[in-house]
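Shown next: model17.cif, containing mmCIF, C-alpha atoms.
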data_work
#
loop_
_atom_site.label_atom_id
_atom_site.label_comp_id
_atom_site.auth_asym_id
_atom_site.auth_seq_id
_atom_site.Cartn_x
_atom_site.Cartn_y
_atom_site.Cartn_z
CA MET N 102 11.61 12.20 4.68
CA LYS N 103 8.64 11.42 2.50
CA ILE N 104 5.50 11.78 4.61
CA ALA N 105 1.84 10.95 3.92
CA PHE N 106 -0.93 12.49 6.01
CA PHE N 107 -4.24 10.62 6.15
CA VAL N 108 -7.18 12.93 6.92
CA ALA N 109 -10.94 12.50 6.57
CA ARG N 110 -11.48 15.68 4.54
CA PHE N 111 -9.06 18.42 3.59
CA PRO N 112 -9.00 21.31 4.14
CA VAL N 113 -11.33 21.72 7.12
CA LEU N 114 -11.46 25.08 8.92
CA SER N 115 -12.11 23.48 12.31
CA GLU N 116 -8.89 21.41 12.13
CA PRO N 117 -6.02 23.95 12.10
CA PHE N 118 -4.01 21.58 14.31
CA ILE N 119 -3.66 19.18 11.37
CA LEU N 120 -2.83 22.02 9.01
CA ASN N 121 -0.10 23.22 11.38
CA GLN N 122 1.58 19.80 11.38
CA ILE N 123 1.45 19.53 7.59
CA VAL N 124 2.94 23.00 7.10
CA GLY N 125 5.51 22.31 9.82
CA ALA N 126 6.79 19.27 7.93
CA ILE N 127 6.98 21.21 4.66
CA GLU N 128 8.82 24.12 6.31
CA ARG N 129 11.39 21.66 7.65
CA GLY N 130 12.18 20.44 4.16
CA HIS N 131 10.21 17.22 3.96
CA GLU N 132 8.15 15.92 1.05
CA VAL N 133 4.47 15.82 1.98
CA ASP N 134 1.38 14.28 0.39
CA ILE N 135 -2.12 14.62 1.83
CA TYR N 136 -4.85 12.00 1.36
CA SER N 137 -8.43 13.19 1.87
CA LEU N 138 -10.10 9.81 2.38
CA ASP N 139 -13.70 11.05 2.45
CA GLY N 140 -13.45 13.06 -0.74
CA THR N 141 -13.57 16.78 -1.39
CA PRO N 142 -15.13 19.15 1.20
CA SER N 143 -18.46 20.59 0.09
CA ASN N 144 -17.20 24.17 0.40
CA LEU N 145 -13.72 25.22 -0.68
CA SER N 146 -14.59 28.92 -0.89
CA LYS N 147 -13.42 29.46 2.70
CA VAL N 148 -10.00 28.03 3.42
CA HIS N 149 -7.23 28.87 5.85
CA PRO N 150 -4.62 31.25 4.34
CA LEU N 151 -1.92 28.59 4.80
CA VAL N 152 -3.71 26.35 2.31
CA GLU N 153 -3.12 28.90 -0.44
CA GLN N 154 0.28 30.06 0.81
CA TYR N 155 1.72 26.53 0.64
CA GLN N 156 -0.42 25.42 -2.34
CA LEU N 157 -1.62 22.46 -0.30
CA LEU N 158 -4.46 21.52 -2.64
CA GLU N 159 -1.79 20.62 -5.22
CA ARG N 160 -0.38 18.12 -2.70
CA THR N 161 -3.78 16.59 -1.93
CA PHE N 162 -5.16 13.33 -3.34
CA TYR N 163 -8.90 12.95 -3.02
CA ALA N 164 -10.69 9.64 -2.68
CA PRO N 165 -14.02 9.68 -4.54
CA THR N 166 -16.80 11.15 -2.43
CA ARG N 167 -19.13 8.38 -1.23
CA PRO N 168 -22.86 9.17 -1.79
CA ASP N 169 -25.16 8.96 1.23
CA HIS N 170 -27.92 7.34 -0.83
CA GLU N 171 -27.29 3.59 -0.87
CA LEU N 172 -28.35 2.98 -4.49
CA TRP N 173 -26.18 5.80 -5.85
CA ARG N 174 -23.33 4.66 -3.62
CA TRP N 175 -23.41 1.19 -5.17
CA LEU N 176 -23.85 2.44 -8.73
CA LYS N 177 -20.92 4.85 -8.37
CA GLY N 178 -18.86 2.24 -6.51
CA LEU N 179 -19.33 -0.40 -9.21
CA GLY N 180 -18.42 2.19 -11.83
CA LEU N 181 -15.22 3.03 -9.95
CA LEU N 182 -14.41 -0.66 -9.67
CA ALA N 183 -14.92 -1.22 -13.41
CA LEU N 184 -12.70 1.73 -14.32
CA ASN N 185 -9.90 0.86 -11.89
CA PHE N 186 -10.00 -2.95 -11.67
CA TYR N 187 -7.06 -3.36 -14.07
CA LYS N 188 -4.74 -1.47 -11.70
CA ASN N 189 -4.86 -4.12 -8.99
CA PRO N 190 -7.35 -6.95 -9.60
CA LEU N 191 -6.46 -9.04 -6.54
CA VAL N 192 -6.85 -6.15 -4.13
CA CYS N 193 -10.06 -4.98 -5.79
CA MET N 194 -11.61 -8.35 -5.05
CA GLN N 195 -10.51 -8.11 -1.39
CA LEU N 196 -12.27 -4.77 -0.97
CA PHE N 197 -15.59 -6.67 -0.92
CA ASN N 198 -14.42 -9.18 1.72
CA THR N 199 -17.21 -8.70 4.27
CA SER N 200 -15.93 -11.47 6.53
CA ARG N 201 -12.60 -9.61 6.92
CA TYR N 202 -13.63 -5.96 6.73
CA ILE N 203 -17.29 -6.35 7.80
CA SER N 204 -19.21 -3.04 7.77
CA GLN N 205 -16.46 -1.10 6.01
CA ALA N 206 -16.76 -3.48 3.04
CA LYS N 207 -20.57 -3.61 3.15
CA SER N 208 -20.87 0.18 3.16
CA LEU N 209 -18.24 0.44 0.39
CA LYS N 210 -16.20 2.81 2.57
CA LEU N 211 -13.15 0.58 2.08
CA LEU N 212 -13.63 0.58 -1.70
CA TYR N 213 -13.94 4.36 -1.99
CA ARG N 214 -11.05 5.10 0.35
CA ALA N 215 -8.75 2.59 -1.38
CA MET N 216 -9.06 4.17 -4.82
CA PRO N 217 -6.05 6.55 -4.55
CA PHE N 218 -3.81 3.62 -3.53
CA LEU N 219 -4.51 1.00 -6.20
CA SER N 220 -1.19 2.01 -7.72
CA LYS N 221 1.12 1.30 -4.77
CA LYS N 222 2.40 4.26 -2.72
CA SER N 223 5.61 4.29 -0.69
CA TYR N 224 6.50 6.65 2.17
CA ASP N 225 8.85 6.85 5.10
CA ILE N 226 6.07 7.90 7.46
CA ILE N 227 2.30 7.50 7.12
CA HIS N 228 0.63 9.70 9.75
CA CYS N 229 -3.05 8.93 10.28
CA GLN N 230 -4.77 11.92 11.84
CA PHE N 231 -7.44 10.40 14.10
CA SER N 232 -7.04 6.70 14.79
CA THR N 233 -10.29 5.89 13.02
CA LEU N 234 -8.20 6.46 9.89
CA GLY N 235 -5.41 4.39 11.41
CA VAL N 236 -7.64 1.36 10.87
CA PHE N 237 -7.47 2.00 7.12
CA GLY N 238 -3.74 2.68 7.29
CA VAL N 239 -3.25 -0.80 8.74
CA TRP N 240 -5.51 -2.44 6.15
CA PHE N 241 -3.95 -0.62 3.20
CA ARG N 242 -0.48 -1.66 4.33
CA GLN N 243 -1.59 -5.26 4.82
CA LEU N 244 -3.09 -5.24 1.31
CA GLY N 245 0.19 -3.98 -0.12
CA LEU N 246 -1.31 -0.67 -1.25
CA ILE N 247 1.06 1.47 0.80
CA GLU N 248 4.34 0.98 2.61
CA GLY N 249 6.02 2.95 5.37
CA LYS N 250 6.03 3.34 9.13
CA LEU N 251 2.52 3.90 10.49
CA ILE N 252 1.83 6.55 13.14
CA SER N 253 -1.70 7.13 14.39
CA THR N 254 -2.97 10.01 16.55
CA PHE N 255 -5.78 9.88 19.11
CA ARG N 256 -7.44 13.31 19.09
CA GLY N 257 -10.82 13.08 20.76
CA ALA N 258 -13.86 11.69 18.98
CA ASP N 259 -11.83 8.65 17.91
CA ILE N 260 -11.16 7.67 21.54
CA SER N 261 -14.50 8.83 23.00
CA LYS N 262 -17.48 9.09 20.62
CA PHE N 263 -16.23 6.19 18.45
CA LEU N 264 -16.08 3.62 21.25
CA PRO N 265 -19.75 3.27 22.31
CA LYS N 266 -20.70 2.63 18.68
CA TRP N 267 -17.99 0.10 17.76
CA GLY N 268 -16.94 -1.39 21.08
CA GLU N 269 -13.78 -1.22 23.16
CA ARG N 270 -11.97 -3.87 21.10
CA VAL N 271 -12.23 -1.88 17.87
CA TYR N 272 -8.55 -0.86 17.97
CA GLN N 273 -6.99 -4.22 18.89
CA GLU N 274 -5.59 -4.87 15.41
CA VAL N 275 -4.47 -1.24 15.13
CA PHE N 276 -2.62 -1.51 18.45
CA GLN N 277 -0.78 -4.57 17.18
CA GLU N 278 0.04 -3.39 13.66
CA THR N 279 0.75 0.35 14.03
CA ASP N 280 4.35 1.37 14.67
CA PHE N 281 3.69 4.24 17.06
CA PHE N 282 0.86 6.30 18.53
CA LEU N 283 0.42 9.89 19.58
CA ALA N 284 -2.27 11.32 21.84
CA ASN N 285 -2.96 15.02 22.10
CA CYS N 286 -3.31 14.87 25.91
CA GLU N 287 -2.62 12.58 28.87
CA PHE N 288 -6.35 11.97 29.27
CA PHE N 289 -6.63 10.31 25.85
CA LYS N 290 -3.26 8.57 26.15
CA ASN N 291 -4.45 6.89 29.36
CA LYS N 292 -7.70 5.85 27.67
CA ALA N 293 -5.75 4.27 24.79
CA VAL N 294 -3.50 2.35 27.20
CA ALA N 295 -6.57 1.14 29.11
CA LEU N 296 -7.97 -0.16 25.81
CA GLY N 297 -4.82 -2.17 25.10
CA CYS N 298 -2.21 0.13 23.59
CA VAL N 299 1.31 -0.81 24.72
CA PRO N 300 2.49 2.08 26.96
CA ASP N 301 5.91 2.23 25.27
CA LYS N 302 4.25 2.72 21.88
CA ILE N 303 2.40 5.93 22.71
CA CYS N 304 3.33 9.40 23.89
CA VAL N 305 1.59 12.73 24.38
CA HIS N 306 2.09 15.23 21.59
CA GLY N 307 -0.15 18.26 21.99
CA SER N 308 -1.83 20.33 19.31
CA GLY N 309 0.08 23.58 18.90
CA ILE N 310 -0.80 27.13 18.03
CA ASP N 311 1.36 29.84 16.50
CA CYS N 312 1.88 31.99 19.59
CA SER N 313 3.24 34.83 17.45
CA LYS N 314 -0.23 35.24 15.91
CA PHE N 315 -1.86 35.75 19.31
CA ALA N 316 -0.22 38.75 20.93
CA TYR N 317 -0.27 38.89 24.71
CA LYS N 318 -1.90 41.91 26.34
CA PRO N 319 -2.58 42.37 30.08
CA ARG N 320 -6.26 42.89 30.83
CA PHE N 321 -7.59 45.68 33.02
CA PHE N 322 -11.07 46.81 33.96
CA PRO N 323 -12.36 48.99 31.10
CA SER N 324 -12.77 52.72 31.66
CA ASP N 325 -16.34 52.59 30.33
CA GLY N 326 -17.19 49.71 32.67
CA LYS N 327 -18.29 47.43 29.81
CA VAL N 328 -16.82 43.97 30.42
CA LYS N 329 -16.62 41.91 27.22
CA ILE N 330 -16.74 38.12 27.32
CA ALA N 331 -16.08 35.74 24.44
CA THR N 332 -16.23 32.12 23.40
CA THR N 333 -15.07 30.56 20.15
CA GLY N 334 -16.07 27.20 18.74
CA ARG N 335 -18.38 25.16 16.58
CA LEU N 336 -22.01 25.39 17.63
CA VAL N 337 -22.28 21.70 18.52
CA THR N 338 -23.30 19.84 21.66
CA LYS N 339 -19.88 19.09 23.14
CA LYS N 340 -18.90 22.77 23.19
CA GLY N 341 -21.59 23.36 25.85
CA ILE N 342 -22.31 26.89 24.67
CA GLU N 343 -25.91 26.84 25.88
CA TYR N 344 -24.62 26.67 29.48
CA ALA N 345 -22.46 29.74 28.97
CA ILE N 346 -25.45 31.57 27.47
CA ALA N 347 -27.62 30.73 30.47
CA ALA N 348 -24.85 31.76 32.89
CA VAL N 349 -24.19 35.09 31.16
CA ALA N 350 -27.91 35.87 31.04
CA SER N 351 -28.08 35.22 34.79
CA VAL N 352 -25.04 37.40 35.56
CA ALA N 353 -26.42 40.21 33.37
CA GLN N 354 -29.23 40.69 35.88
CA THR N 355 -26.75 41.99 38.46
CA HIS N 356 -24.03 43.17 36.06
CA PRO N 357 -26.01 44.63 33.13
CA ASN N 358 -22.98 46.32 31.55
CA ILE N 359 -21.54 43.15 29.98
CA GLU N 360 -21.47 41.76 26.45
CA PHE N 361 -20.96 38.16 25.37
CA TYR N 362 -19.64 37.40 21.88
CA ILE N 363 -20.05 33.87 20.50
CA ILE N 364 -17.77 33.28 17.51
CA GLY N 365 -18.59 30.24 15.38
CA ASP N 366 -21.26 28.45 13.42
CA GLY N 367 -22.84 25.03 13.40
CA GLU N 368 -25.88 22.84 13.67
CA LEU N 369 -27.15 24.38 16.94
CA LYS N 370 -27.28 27.97 15.65
CA VAL N 371 -31.09 28.21 15.47
CA GLU N 372 -31.51 26.50 18.83
CA LEU N 373 -29.05 28.90 20.49
CA GLU N 374 -30.75 31.91 18.89
CA GLN N 375 -34.05 30.73 20.37
CA LEU N 376 -32.43 30.25 23.77
CA ILE N 377 -31.03 33.80 23.74
CA THR N 378 -34.43 35.18 22.77
CA GLY N 379 -36.19 33.12 25.44
CA LEU N 380 -33.83 34.55 28.08
CA ASN N 381 -34.43 38.11 26.82
CA ALA N 382 -30.66 38.39 26.43
CA GLU N 383 -30.39 39.71 22.85
CA ARG N 384 -28.93 42.98 24.09
CA VAL N 385 -26.13 41.20 25.95
CA ILE N 386 -25.39 38.05 23.89
CA LYS N 387 -24.34 38.22 20.24
CA LEU N 388 -23.92 35.28 17.83
CA LEU N 389 -21.22 36.55 15.47
CA GLY N 390 -21.01 33.55 13.15
CA TRP N 391 -17.89 32.13 11.58
CA LYS N 392 -14.82 34.38 11.43
CA GLN N 393 -11.36 34.21 9.91
CA GLN N 394 -8.47 33.86 12.36
CA LYS N 395 -7.48 37.51 11.90
CA GLU N 396 -11.02 38.60 12.77
CA ILE N 397 -11.09 36.33 15.82
CA VAL N 398 -7.85 37.87 17.09
CA GLU N 399 -9.27 41.36 16.61
CA ILE N 400 -12.39 40.48 18.62
CA LEU N 401 -10.48 38.74 21.43
CA ASP N 402 -8.14 41.71 21.65
CA THR N 403 -11.08 43.83 22.85
CA CYS N 404 -12.35 41.25 25.37
CA HIS N 405 -11.60 40.69 29.05
CA ILE N 406 -12.78 37.14 29.88
CA PHE N 407 -13.05 33.91 27.86
CA ILE N 408 -15.42 30.98 28.48
CA ALA N 409 -14.97 27.43 27.11
CA PRO N 410 -17.78 25.34 28.66
CA SER N 411 -17.07 21.94 27.02
CA VAL N 412 -19.25 18.98 28.01
CA THR N 413 -19.33 15.26 27.30
CA ALA N 414 -21.94 14.79 24.58
CA ALA N 415 -24.65 12.13 24.77
CA ASP N 416 -22.68 10.02 22.26
CA GLY N 417 -19.58 10.15 24.50
CA ASN N 418 -17.71 12.76 22.45
CA GLN N 419 -15.07 14.62 24.49
CA ASP N 420 -12.50 17.36 23.98
CA ALA N 421 -8.75 17.48 24.38
CA PRO N 422 -7.23 20.81 25.51
CA VAL N 423 -9.19 23.13 23.24
CA ASN N 424 -7.18 25.16 20.73
CA THR N 425 -9.50 28.17 20.99
CA LEU N 426 -8.85 28.13 24.74
CA LYS N 427 -5.10 28.12 24.10
CA GLU N 428 -5.47 31.09 21.78
CA ALA N 429 -7.40 33.10 24.36
CA MET N 430 -4.89 32.24 27.09
CA ALA N 431 -2.01 33.21 24.80
CA MET N 432 -3.63 36.63 24.42
CA GLY N 433 -3.78 37.13 28.19
CA LEU N 434 -7.47 36.46 28.84
CA PRO N 435 -8.45 34.89 32.18
CA VAL N 436 -10.61 31.88 31.36
CA ILE N 437 -13.50 29.83 32.70
CA SER N 438 -13.69 26.24 31.50
CA THR N 439 -14.84 22.82 32.66
CA LEU N 440 -13.50 19.71 34.36
CA HIS N 441 -13.72 17.89 31.06
CA GLY N 442 -11.46 15.63 28.99
CA GLY N 443 -7.96 17.06 28.63
CA ILE N 444 -8.84 20.64 29.60
CA PRO N 445 -7.43 20.40 33.18
CA GLU N 446 -4.02 19.73 31.56
CA LEU N 447 -4.22 23.22 30.04
CA VAL N 448 -6.06 25.34 32.61
CA GLU N 449 -4.75 25.37 36.18
CA ASP N 450 -7.73 26.08 38.41
CA GLY N 451 -7.31 29.33 40.32
CA VAL N 452 -4.06 30.16 38.48
CA SER N 453 -4.79 30.80 34.81
CA GLY N 454 -8.54 30.70 35.24
CA PHE N 455 -11.28 28.62 36.79
CA LEU N 456 -12.55 25.09 36.18
CA VAL N 457 -16.14 24.16 36.98
CA PRO N 458 -18.19 20.96 36.62
CA GLU N 459 -19.77 20.26 33.24
CA ARG N 460 -23.26 21.70 32.62
CA ASP N 461 -23.14 23.69 35.87
CA VAL N 462 -24.72 27.03 34.92
CA GLU N 463 -24.62 28.31 38.49
CA ALA N 464 -20.90 27.54 38.84
CA ILE N 465 -20.08 29.32 35.58
CA ALA N 466 -22.14 32.31 36.71
CA GLN N 467 -20.41 32.41 40.11
CA LYS N 468 -16.91 32.39 38.58
CA LEU N 469 -17.90 34.95 35.98
CA SER N 470 -19.30 37.25 38.67
CA TYR N 471 -16.12 36.80 40.70
CA LEU N 472 -13.92 37.81 37.76
CA ILE N 473 -16.09 40.84 36.98
CA GLU N 474 -15.91 41.93 40.62
CA HIS N 475 -12.18 41.20 41.00
CA PRO N 476 -10.45 42.64 37.93
CA GLU N 477 -7.22 42.83 39.92
CA THR N 478 -6.86 39.07 39.26
CA TRP N 479 -7.00 39.38 35.49
CA GLN N 480 -3.40 40.33 34.79
CA GLN N 481 -1.81 37.56 36.84
CA MET N 482 -4.19 34.92 35.45
CA GLY N 483 -3.58 36.10 31.91
CA SER N 484 0.19 36.06 32.40
CA SER N 485 0.07 32.52 33.83
CA GLY N 486 -2.05 31.35 30.92
CA ARG N 487 0.34 32.80 28.34
CA ALA N 488 3.30 31.13 30.06
CA GLN N 489 1.51 27.75 30.06
CA VAL N 490 0.67 27.94 26.35
CA GLU N 491 4.19 29.04 25.39
CA ALA N 492 5.74 26.22 27.43
CA LYS N 493 3.51 23.34 26.27
CA TYR N 494 1.67 24.30 23.10
CA ASP N 495 3.95 26.44 20.96
CA MET N 496 3.50 25.19 17.39
CA ASN N 497 7.13 25.56 16.35
CA LYS N 498 8.44 23.60 19.34
CA LEU N 499 5.87 20.89 18.78
CA ASN N 500 6.61 20.65 15.05
CA ASP N 501 10.32 20.21 15.83
CA GLU N 502 9.35 17.47 18.27
CA LEU N 503 7.06 15.79 15.72
CA ILE N 504 9.82 15.56 13.11
CA GLU N 505 12.12 14.10 15.76
CA ILE N 506 9.45 11.52 16.58
CA TYR N 507 9.12 10.63 12.89
CA GLN N 508 12.87 10.19 12.57
CA GLN N 509 13.17 7.99 15.65
CA VAL N 510 10.24 5.83 14.56
CA LEU N 511 11.79 5.54 11.10
CA ASP N 512 15.17 4.57 12.57
CA SER N 513 13.85 2.02 15.05
CA LYS N 514 14.50 -1.63 14.22
CA LEU N 515 11.27 -2.87 15.80
CA PRO N 516 8.04 -1.00 16.53
CA GLN N 517 8.23 -1.90 20.22
CA GLN N 518 11.62 -0.16 20.40
CA SER N 519 10.04 3.16 19.48
CA LEU N 520 10.21 6.32 21.53
CA THR N 521 9.88 6.33 25.29
CA GLU N 522 8.64 9.16 27.43
CA GLN N 523 12.25 9.75 28.49
CA ASN N 524 13.32 10.26 24.86
CA LEU N 525 10.56 12.82 24.38
CA ALA N 526 11.47 14.69 27.54
CA LEU N 527 14.98 15.10 26.16
CA ILE N 528 13.57 16.42 22.88
CA ALA N 529 11.28 18.89 24.65
CA ASN N 530 14.11 20.26 26.80
CA ARG N 531 16.49 20.99 23.93
#

Take the structure in the file and write it out as C-alpha cells.
Amino acid sequence: MKIAFFVARFPVLSEPFILNQIVGAIERGHEVDIYSLDGTPSNLSKVHPLVEQYQLLERTFYAPTRPDHELWRWLKGLGLLALNFYKNPLVCMQLFNTSRYISQAKSLKLLYRAMPFLSKKSYDIIHCQFSTLGVFGVWFRQLGLIEGKLISTFRGADISKFLPKWGERVYQEVFQETDFFLANCEFFKNKAVALGCVPDKICVHGSGIDCSKFAYKPRFFPSDGKVKIATTGRLVTKKGIEYAIAAVASVAQTHPNIEFYIIGDGELKVELEQLITGLNAERVIKLLGWKQQKEIVEILDTCHIFIAPSVTAADGNQDAPVNTLKEAMAMGLPVISTLHGGIPELVEDGVSGFLVPERDVEAIAQKLSYLIEHPETWQQMGSSGRAQVEAKYDMNKLNDELIEIYQQVLDSKLPQQSLTEQNLALIANR
C-alpha cells in the first residue's frame, strides 16, 4: 500500500505514538510519505532515534511555516501564491473562499497547508493523525488535490479541547466524508459517536509502546529505605503535576525518606519550581528536565512507584490512556493515576494501581502513603500492570492490526461497509 500520514508537525518528541505507526507501516513493507502541515519544527536537534534510523525526514514534505504576525503571514502567503499559482489556478482561487472555508481561509491556514498538494497526490490510504487534520484531508480530497481512502484518528485534544472553541458540529462534514475513524480509547470513541459519528465507522485502536524496550522488574522495598517515586510528562496543565508535587510534599512530612523525580519540560517549569520551593520540598522533589527514552528507562528502573495525575484543563483538554503510564506499568511499577479521560481503561483500580479523583491532593497522598506502608502489594500490582499493557498496548500487535484496518478500508466497496467491532476482535485474537 501507498500510505500518507497527515501530522501537524514532524517530528515531535511528545508524539512517539505517531512515530510508532509510521515505522510500523514501513517495517511491514509499505510505501510511506509524511506531510507536516504546520511546517518544520523549531528544533530538530533533538529527535527520536527512529527518525534517523528510518531516515524519516527524507520521507517528509513540509508545508510552509505560517508566520504568527498577520502582516508577514499575508506577505509570505501572497508570495507563495504568486510562485505556485501556475500549478493549479482553479484550486488556488478556492483557497480564499471565506464563505466555504471561513476562518481557515481568512487566516490563510488553508493556503499554507495546501501548498504541498497543488500537484495532485494519490495514495491508497490517507491517515490523518488527530481529526483536526481530518478536516483538511476532506477539503483537499474535495478540491481534487489528493485521492485515496481517508482515515482520521481522535486522540484527545481534537475531541476535547477543540470542541468548546469551534462547537459540537465542527466535525459534521468530516463524519460524512471520511471513510473510517479510529479513536485511541473507548472514552473518545463514545464522544465521537455522541457528536454524530456513525458507530459502524469508528473503532478503538490504542496507542502502542514497544514493550521490549521497557523491561519488567518486580519491585520490592529498598534495603536503604529510600522509596523513589516518578512521573513523566510535559509540564502543562492537563498533566496535573502540581497536585502530585503537593501530595508528595505532604507525605514527606511523615515519610521523609522519599524522593520524587519529575521527568519532562514545558511551559509550567518556572511555576512548578516556585511551588516546590514554597513547599520547602527541594530536598525531596527534583525536576529533571527532558530526557531521552533510554535515560527515562534508566531512571524508572530505579524507582518503586509512578504517579500520573492527569486533569481536565480549563480549555477542556483531556488525556487518553497515557503512554508514559503504560511504560511505567510495563516496567512493573505500581501506579497512582486519576479518574480522567481514558485512563480507567488502562489502570484497574486496586489491581494494577489506584485511581483517585482529579485535583485531589489528599487522595493522592493517601494512596501514596498506603503504597509506601504496604510494599507487599507492589509485586502483584506491577505484574498485573505489565500483563494489561502487553495484552492491549503492545506496539507490534497494534501495528499489525492497523495495517489490517487499512487493507479492509481499502477493500470495502462503500465507506459504511467498513470494519465492525466484530472484525477487529477477530484481528486482535489472531

- Just so the selection is clear, what residues does the PyMOL selection byres ((chain N and resi 304) around 10) cover here, as a PyMOL selection string? chain N and resi 254+281-287+290-291+300-303+305-307+506+520-522+525

- Do you know which residues lie at most 7 Å from (-8.0, 10.7, 6.8), with coordinates as in the file and all atoms listed in the file counted, and could you write them as a PyMOL selection string? chain N and resi 107-110+136-138+229-230+234

With C-alpha atoms retained, export the selected residues as a PDB file, in the coordinates of the input.
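What landed in selection.pdb:
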ATOM      1  CA  PHE N 107      -4.240  10.620   6.150  1.00  0.00           C
ATOM      2  CA  VAL N 108      -7.180  12.930   6.920  1.00  0.00           C
ATOM      3  CA  ALA N 109     -10.940  12.500   6.570  1.00  0.00           C
ATOM      4  CA  ARG N 110     -11.480  15.680   4.540  1.00  0.00           C
ATOM      5  CA  TYR N 136      -4.850  12.000   1.360  1.00  0.00           C
ATOM      6  CA  SER N 137      -8.430  13.190   1.870  1.00  0.00           C
ATOM      7  CA  LEU N 138     -10.100   9.810   2.380  1.00  0.00           C
ATOM      8  CA  CYS N 229      -3.050   8.930  10.280  1.00  0.00           C
ATOM      9  CA  GLN N 230      -4.770  11.920  11.840  1.00  0.00           C
ATOM     10  CA  LEU N 234      -8.200   6.460   9.890  1.00  0.00           C
TER      11      LEU N 234
END

- Work out how far CA of Pro458 in chain N is from CA of His441 in chain N, in Å to one decimal.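 Taking CA of His441 in chain N as the start and CA of Pro458 in chain N as the end point, the length is 7.8 Å.
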
- Residues picked by the PyMOL selection byres ((chain N and resi 121) around 12) here, as a ChimeraX atom specification? /N:112,114,116-120,122-128,149-152,155,157,307-311,424,494-501,503

Please provide as a PDB file with C-alpha atoms, keeping the file's coordinate frame all residues within 7 Å of Phe231 in chain N, with the sequence filter that same-chain residues fewer than 5 positions apart are discarded (counting only C-alpha atoms).
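What landed in result-v9.pdb:
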ATOM      1  CA  SER N 253      -1.700   7.130  14.390  1.00  0.00           C
ATOM      2  CA  THR N 254      -2.970  10.010  16.550  1.00  0.00           C
ATOM      3  CA  PHE N 255      -5.780   9.880  19.110  1.00  0.00           C
ATOM      4  CA  ARG N 256      -7.440  13.310  19.090  1.00  0.00           C
ATOM      5  CA  ASP N 259     -11.830   8.650  17.910  1.00  0.00           C
TER       6      ASP N 259
END

- Any idea what's packed within 7 Å of range 166-168 of chain N, counting all atoms listed in the file, ignoring anything in its chain fewer than 3 positions away? Could you give it as a list in words?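 So the residues in contact are Asp139, Gly140, Thr141, Trp173, Arg174 and Tyr213 of chain N.
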
- Item | Distance criterion (all atoms listed in the file): nearest to Glu396 in chain N out of N:Leu447, N:Leu472, N:Phe315, N:Lys370 |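 Nearest candidate to Glu396 in chain N out of N:Leu447, N:Leu472, N:Phe315, N:Lys370: N:Phe315.
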
Taking the structure in the block just given, could you write range 363-375 of chain N with N, CA and C atoms, as a PDB file, in the first residue's frame?
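The result, stored in result.pdb:
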ATOM      1  N   ILE N 363      10.621  14.208  38.633  1.00  0.00           N
ATOM      2  CA  ILE N 363       9.704  14.672  37.588  1.00  0.00           C
ATOM      3  C   ILE N 363      10.502  14.807  36.296  1.00  0.00           C
ATOM      4  N   ILE N 364      10.171  13.969  35.319  1.00  0.00           N
ATOM      5  CA  ILE N 364      10.902  13.921  34.053  1.00  0.00           C
ATOM      6  C   ILE N 364      10.067  14.637  32.990  1.00  0.00           C
ATOM      7  N   GLY N 365      10.588  15.709  32.424  1.00  0.00           N
ATOM      8  CA  GLY N 365       9.862  16.427  31.389  1.00  0.00           C
ATOM      9  C   GLY N 365      10.133  17.910  31.447  1.00  0.00           C
ATOM     10  N   ASP N 366       9.656  18.606  30.450  1.00  0.00           N
ATOM     11  CA  ASP N 366       9.841  20.050  30.372  1.00  0.00           C
ATOM     12  C   ASP N 366       8.571  20.662  29.802  1.00  0.00           C
ATOM     13  N   GLY N 367       8.451  21.971  29.926  1.00  0.00           N
ATOM     14  CA  GLY N 367       7.270  22.612  29.380  1.00  0.00           C
ATOM     15  C   GLY N 367       7.030  23.982  29.983  1.00  0.00           C
ATOM     16  N   GLU N 368       5.892  24.546  29.623  1.00  0.00           N
ATOM     17  CA  GLU N 368       5.596  25.939  29.926  1.00  0.00           C
ATOM     18  C   GLU N 368       5.409  26.214  31.418  1.00  0.00           C
ATOM     19  N   LEU N 369       5.142  25.181  32.219  1.00  0.00           N
ATOM     20  CA  LEU N 369       4.912  25.387  33.653  1.00  0.00           C
ATOM     21  C   LEU N 369       6.164  25.163  34.494  1.00  0.00           C
ATOM     22  N   LYS N 370       7.325  25.040  33.869  1.00  0.00           N
ATOM     23  CA  LYS N 370       8.535  24.705  34.618  1.00  0.00           C
ATOM     24  C   LYS N 370       8.809  25.704  35.743  1.00  0.00           C
ATOM     25  N   VAL N 371       8.802  26.980  35.441  1.00  0.00           N
ATOM     26  CA  VAL N 371       9.109  28.001  36.458  1.00  0.00           C
ATOM     27  C   VAL N 371       8.063  27.966  37.565  1.00  0.00           C
ATOM     28  N   GLU N 372       6.815  27.844  37.201  1.00  0.00           N
ATOM     29  CA  GLU N 372       5.736  27.803  38.188  1.00  0.00           C
ATOM     30  C   GLU N 372       5.891  26.596  39.118  1.00  0.00           C
ATOM     31  N   LEU N 373       6.270  25.456  38.577  1.00  0.00           N
ATOM     32  CA  LEU N 373       6.442  24.258  39.398  1.00  0.00           C
ATOM     33  C   LEU N 373       7.678  24.380  40.290  1.00  0.00           C
ATOM     34  N   GLU N 374       8.730  25.001  39.773  1.00  0.00           N
ATOM     35  CA  GLU N 374       9.913  25.254  40.608  1.00  0.00           C
ATOM     36  C   GLU N 374       9.545  26.110  41.816  1.00  0.00           C
ATOM     37  N   GLN N 375       8.741  27.139  41.577  1.00  0.00           N
ATOM     38  CA  GLN N 375       8.317  28.026  42.668  1.00  0.00           C
ATOM     39  C   GLN N 375       7.449  27.285  43.669  1.00  0.00           C
TER      40      GLN N 375
END
